[in-house]
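Here is the structure we will look at.
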Amino acid sequence: MDLGIKGKWALVGGASKGLGFGCAQALAQEGVNVVMVARGAEVLNKAVEDLRVETGGKVQLIAVAEDITTEAGREAIWNVAGGPGKDYDIVVTNAGGPPPGDFRDWDRDAWIKAVDANMLTPIELIKATADGMAERGFGRIVNITSSAVKAPIDILGLSNGARSGLTGFVAGTSRSIQLAGRNVTINNLLPGAFDTDRLRSNQKTIATKAGKSVEEVSEARRKTIPAQRFGTAQEFGETCAFLCSQQASYITGQNVLIDGGAYPGAF
Ligand code: NAP
């Protein structure tokens, strides 16, 4: 299926590895020019180079090694040479997740950091780009959140809390006639367990706490998933690319779970 987005410009946060990279990759394969953001320049530049080879130089790929959760980082994104300024057609918000832990140990600073990264940063990115999308009559915003929004996990309290705030904001804003009525969609994509560095580091925390090996913890988690496997960044990215397609213009304000059937509810 041709997704009809060739030649468009996408901004993808947290794009040097994991789910963000999967999204950048799937969009680039559809002919979308992508500005890829992550803090670590070395890993990011390698990811961009790999993708350049994979796509045979058919799309423009720009690396911005900045912290997307800061105002200075976002200014650098809007001003990057060769980029579209704030005139993005597609924005995939993602900045890594807050650390797991015990709520008794989280002080105000830990909460502010989590809310900044997983609620306020996506809102700032939407604020900067959505009205321009509406003026041009096309826009797709996908926020990478978490299945924990629907089924919270105890050690991920910072994530559960901050992302719930974003979810509420998106539920209202995506339905504004100025956006939905101008072909601008905003959806949240909710990953369950995906085989990325983030998952491995969470499993390490659980294993240490439980006095088990990482393999034991990983195997036990895998068995709880009806699909009996962890997801891949590639399949996550392809779902994201579909939500960014012309065909998905009637899907907005949704929380799309991608979790191998792990969430047990009917709705
Ligand atoms: P990952 O493999 O750790 O990758 C995170 C990416 O984000 C990296 O490219 C990282 O690069 C970048 N990043 C982190 N903080 C950033 C910042 N402040 N500014 C710019 N880039 C930043 O994580 P992932 O598994 O892909 O997870 C992506 C999101 O999905 C996270 O929010 C995570 O909590 C959520 N999630 C993941 C799973 C899962 O199973 N994997 C499940 C539920 C939810 P730098 O460190 O170099 O900046």
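The chains in the structure tokens are called A, B, ... from first to last as shown; in each chain the residues are counted from 1, and the ligands are counted from 1 in the order shown.
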> Using only C-alpha atoms, which residues sit within 12 Å of Gln25 (chain A) once same-chain residues fewer than 6 positions away are excluded, as a PyMOL selection string?
Replying inline: chain A and resi 10+12+15-19+31-36+47-55+59+61+233-241
>> as a ChimeraX atom specification, please: the residues near Met1 (chain A) (cut-off 12 Å, only C-alpha atoms, same-chain neighbours under 3 positions excluded).
In response: /A:4-5,30,238,241-242,245-247
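Counting only C-alpha atoms, Gly97 (chain A) has the following residues at most 7 Å away, ignoring those fewer than 2 positions along the same chain: Ala95, Pro99 and Ser159 of chain A.
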Selection to disk with N, CA and C atoms, as a PDB file, in the first residue's frame:
```
ATOM      1  N   ALA A  95      10.781  10.820  23.872  1.00  0.00           N
ATOM      2  CA  ALA A  95      12.007  11.314  24.502  1.00  0.00           C
ATOM      3  C   ALA A  95      12.551  10.312  25.498  1.00  0.00           C
ATOM      4  N   PRO A  99      12.868   6.868  34.590  1.00  0.00           N
ATOM      5  CA  PRO A  99      13.409   5.640  35.199  1.00  0.00           C
ATOM      6  C   PRO A  99      12.363   4.942  36.065  1.00  0.00           C
ATOM      7  N   SER A 159       6.205   7.418  34.841  1.00  0.00           N
ATOM      8  CA  SER A 159       5.687   7.295  33.476  1.00  0.00           C
ATOM      9  C   SER A 159       4.156   7.281  33.487  1.00  0.00           C
TER      10      SER A 159
END
```
>> What parts of region 32-103 of chain A does DSSP call helix (DSSP H, G or I)? I'd like the answer as a VMD selection string.
In response: chain A and resid 41 to 54 71 to 78 103
>> Neighbouring residues of ligand 1 are defined here as those with any atom at most 7 Å from a ligand atom, counting only C-alpha atoms and all ligand atoms; list them as an MDAnalysis selection string.
In response: chainID A and resid 13:21 37:41 43:44 66:69 94:98 117 144:148 190:199
>> For the strand (DSSP E) assignment from backbone DSSP, which residues of region 23-241 of chain A qualify? Please present them as a list in words.
In response: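 Restricting region 23-241 of chain A to strand (DSSP E) produces Asn33, Val34, Val35, Met36, Val37, Ala38, Leu61, Ile62, Ala63, Val64, Ala65, Ile90, Val91, Val92, Thr93, Gly139, Arg140, Ile141, Val142, Asn143, Ile144, Val184, Thr185, Ile186, Asn187, Asn188, Leu189, Leu190 and Pro191 of chain A.
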Set the distance at 8 Å and use only C-alpha atoms: which residues neighbour region 222-227 of chain A once local chain neighbours fewer than 2 positions away are removed? I'd like the list as a PDB file with N, CA and C atoms, in the first residue's frame.
```
ATOM      1  N   SER A 218      12.955 -12.030  31.951  1.00  0.00           N
ATOM      2  CA  SER A 218      12.570 -11.824  30.557  1.00  0.00           C
ATOM      3  C   SER A 218      11.658 -12.948  30.057  1.00  0.00           C
ATOM      4  N   GLU A 219      12.019 -14.176  30.396  1.00  0.00           N
ATOM      5  CA  GLU A 219      11.244 -15.345  29.970  1.00  0.00           C
ATOM      6  C   GLU A 219       9.851 -15.342  30.612  1.00  0.00           C
ATOM      7  N   ALA A 220       9.816 -14.973  31.895  1.00  0.00           N
ATOM      8  CA  ALA A 220       8.526 -14.934  32.603  1.00  0.00           C
ATOM      9  C   ALA A 220       7.619 -13.885  31.961  1.00  0.00           C
ATOM     10  N   ARG A 229       5.886 -13.372  22.457  1.00  0.00           N
ATOM     11  CA  ARG A 229       7.153 -12.762  22.027  1.00  0.00           C
ATOM     12  C   ARG A 229       7.115 -11.275  22.350  1.00  0.00           C
ATOM     13  N   PHE A 230       8.299 -10.650  22.309  1.00  0.00           N
ATOM     14  CA  PHE A 230       8.362  -9.195  22.425  1.00  0.00           C
ATOM     15  C   PHE A 230       8.176  -8.604  21.026  1.00  0.00           C
ATOM     16  N   ASP A 259       0.617  -4.427  21.511  1.00  0.00           N
ATOM     17  CA  ASP A 259       1.162  -5.145  22.665  1.00  0.00           C
ATOM     18  C   ASP A 259       1.037  -6.670  22.589  1.00  0.00           C
ATOM     19  N   GLY A 260       0.798  -7.218  21.396  1.00  0.00           N
ATOM     20  CA  GLY A 260       0.722  -8.680  21.271  1.00  0.00           C
ATOM     21  C   GLY A 260      -0.418  -9.290  22.064  1.00  0.00           C
ATOM     22  N   GLY A 261      -1.442  -8.473  22.387  1.00  0.00           N
ATOM     23  CA  GLY A 261      -2.608  -8.989  23.114  1.00  0.00           C
ATOM     24  C   GLY A 261      -2.456  -8.957  24.625  1.00  0.00           C
ATOM     25  N   ALA A 262      -1.391  -8.299  25.115  1.00  0.00           N
ATOM     26  CA  ALA A 262      -1.121  -8.351  26.566  1.00  0.00           C
ATOM     27  C   ALA A 262      -2.203  -7.676  27.412  1.00  0.00           C
TER      28      ALA A 262
END
```
>> as number ranges by chain, please: the residues near region 88-91 of chain A (cut-off 7 Å, only C-alpha atoms, same-chain neighbours under 3 positions excluded).
In response: A: 8-12, 84, 129, 133, 138-142, 244
Writer output for current selection, all heavy atoms, as a compact mmCIF listing (two decimals), in the first residue's frame:
```
# COMPACT_ATOMS: atom_id res chain seq x y z
N LYS A 8 6.98 14.34 2.17
CA LYS A 8 6.60 15.12 3.36
C LYS A 8 7.81 15.19 4.32
O LYS A 8 8.78 14.45 4.17
CB LYS A 8 5.40 14.47 4.05
CG LYS A 8 4.19 14.36 3.13
CD LYS A 8 2.96 14.92 3.77
CE LYS A 8 1.75 14.87 2.87
NZ LYS A 8 1.46 16.14 2.22
N TRP A 9 7.69 16.08 5.33
CA TRP A 9 8.75 16.23 6.33
C TRP A 9 8.26 15.73 7.68
O TRP A 9 7.17 16.11 8.12
CB TRP A 9 9.16 17.69 6.47
CG TRP A 9 10.21 18.11 5.49
CD1 TRP A 9 10.01 18.72 4.29
CD2 TRP A 9 11.63 17.94 5.63
NE1 TRP A 9 11.22 18.94 3.66
CE2 TRP A 9 12.22 18.48 4.46
CE3 TRP A 9 12.45 17.39 6.61
CZ2 TRP A 9 13.61 18.48 4.27
CZ3 TRP A 9 13.84 17.39 6.41
CH2 TRP A 9 14.40 17.92 5.24
N ALA A 10 9.08 14.88 8.31
CA ALA A 10 8.73 14.36 9.64
C ALA A 10 9.81 14.73 10.65
O ALA A 10 11.00 14.73 10.33
CB ALA A 10 8.58 12.84 9.60
N LEU A 11 9.37 15.02 11.87
CA LEU A 11 10.26 15.18 13.01
C LEU A 11 10.05 13.96 13.91
O LEU A 11 8.91 13.65 14.26
CB LEU A 11 9.89 16.46 13.78
CG LEU A 11 10.55 16.66 15.14
CD1 LEU A 11 12.06 16.82 14.99
CD2 LEU A 11 9.95 17.90 15.82
N VAL A 12 11.15 13.26 14.22
CA VAL A 12 11.02 12.09 15.10
C VAL A 12 11.96 12.27 16.29
O VAL A 12 13.18 12.38 16.15
CB VAL A 12 11.34 10.77 14.36
CG1 VAL A 12 11.16 9.58 15.31
CG2 VAL A 12 10.44 10.59 13.13
N PRO A 84 12.76 21.93 7.73
CA PRO A 84 11.60 22.73 7.32
C PRO A 84 11.18 23.80 8.32
O PRO A 84 10.04 24.28 8.24
CB PRO A 84 10.52 21.65 7.18
CG PRO A 84 10.86 20.65 8.23
CD PRO A 84 12.36 20.66 8.36
N THR A 129 3.70 23.15 15.99
CA THR A 129 3.53 22.65 14.60
C THR A 129 2.08 22.49 14.14
O THR A 129 1.83 22.51 12.93
CB THR A 129 4.23 21.28 14.44
OG1 THR A 129 3.67 20.35 15.40
CG2 THR A 129 5.73 21.38 14.67
N MET A 133 0.24 22.96 10.27
CA MET A 133 -0.32 21.78 9.59
C MET A 133 -1.75 22.07 9.15
O MET A 133 -2.15 21.77 8.02
CB MET A 133 -0.32 20.56 10.53
CG MET A 133 1.05 20.01 10.89
SD MET A 133 0.86 18.72 12.16
CE MET A 133 2.55 18.13 12.28
N PHE A 138 -2.89 19.35 6.05
CA PHE A 138 -2.43 17.97 6.33
C PHE A 138 -1.52 17.99 7.55
O PHE A 138 -0.58 18.80 7.62
CB PHE A 138 -1.64 17.39 5.14
CG PHE A 138 -1.12 15.98 5.41
CD1 PHE A 138 -1.84 14.86 5.00
CD2 PHE A 138 0.08 15.77 6.10
CE1 PHE A 138 -1.40 13.56 5.27
CE2 PHE A 138 0.55 14.48 6.39
CZ PHE A 138 -0.19 13.37 5.96
N GLY A 139 -1.75 17.07 8.46
CA GLY A 139 -0.86 16.93 9.61
C GLY A 139 -1.12 15.63 10.33
O GLY A 139 -2.25 15.17 10.44
N ARG A 140 -0.03 15.02 10.77
CA ARG A 140 -0.14 13.76 11.52
C ARG A 140 0.81 13.85 12.72
O ARG A 140 2.03 14.03 12.54
CB ARG A 140 0.29 12.56 10.66
CG ARG A 140 -0.54 12.35 9.40
CD ARG A 140 -1.90 11.76 9.72
NE ARG A 140 -2.66 11.52 8.50
CZ ARG A 140 -3.53 12.37 7.96
NH1 ARG A 140 -3.77 13.54 8.54
NH2 ARG A 140 -4.19 12.06 6.86
N ILE A 141 0.24 13.74 13.92
CA ILE A 141 1.06 13.74 15.13
C ILE A 141 0.84 12.42 15.85
O ILE A 141 -0.31 12.01 16.06
CB ILE A 141 0.70 14.94 16.03
CG1 ILE A 141 1.01 16.26 15.30
CG2 ILE A 141 1.47 14.86 17.36
CD1 ILE A 141 0.44 17.50 15.95
N VAL A 142 1.93 11.72 16.14
CA VAL A 142 1.84 10.45 16.87
C VAL A 142 2.72 10.59 18.11
O VAL A 142 3.91 10.89 18.02
CB VAL A 142 2.34 9.27 16.01
CG1 VAL A 142 2.32 7.97 16.82
CG2 VAL A 142 1.49 9.11 14.75
N CYS A 244 0.38 7.84 10.13
CA CYS A 244 0.80 9.08 9.47
C CYS A 244 0.37 9.13 8.00
O CYS A 244 0.68 10.08 7.29
CB CYS A 244 2.33 9.22 9.54
SG CYS A 244 2.94 9.34 11.23
```
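Residue nearest Tyr250 (chain A), chosen from A:Gly211, A:Gly57, A:Gly7, A:Gly181 and counting only C-alpha atoms: A:Gly181.
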> So what do you get for CA of Gly265 (chain A) versus CA of Gly231 (chain A), distance-wise?
Replying inline: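 Computed distance, CA of Gly265 (chain A) to CA of Gly231 (chain A), equals 19.3 Å.
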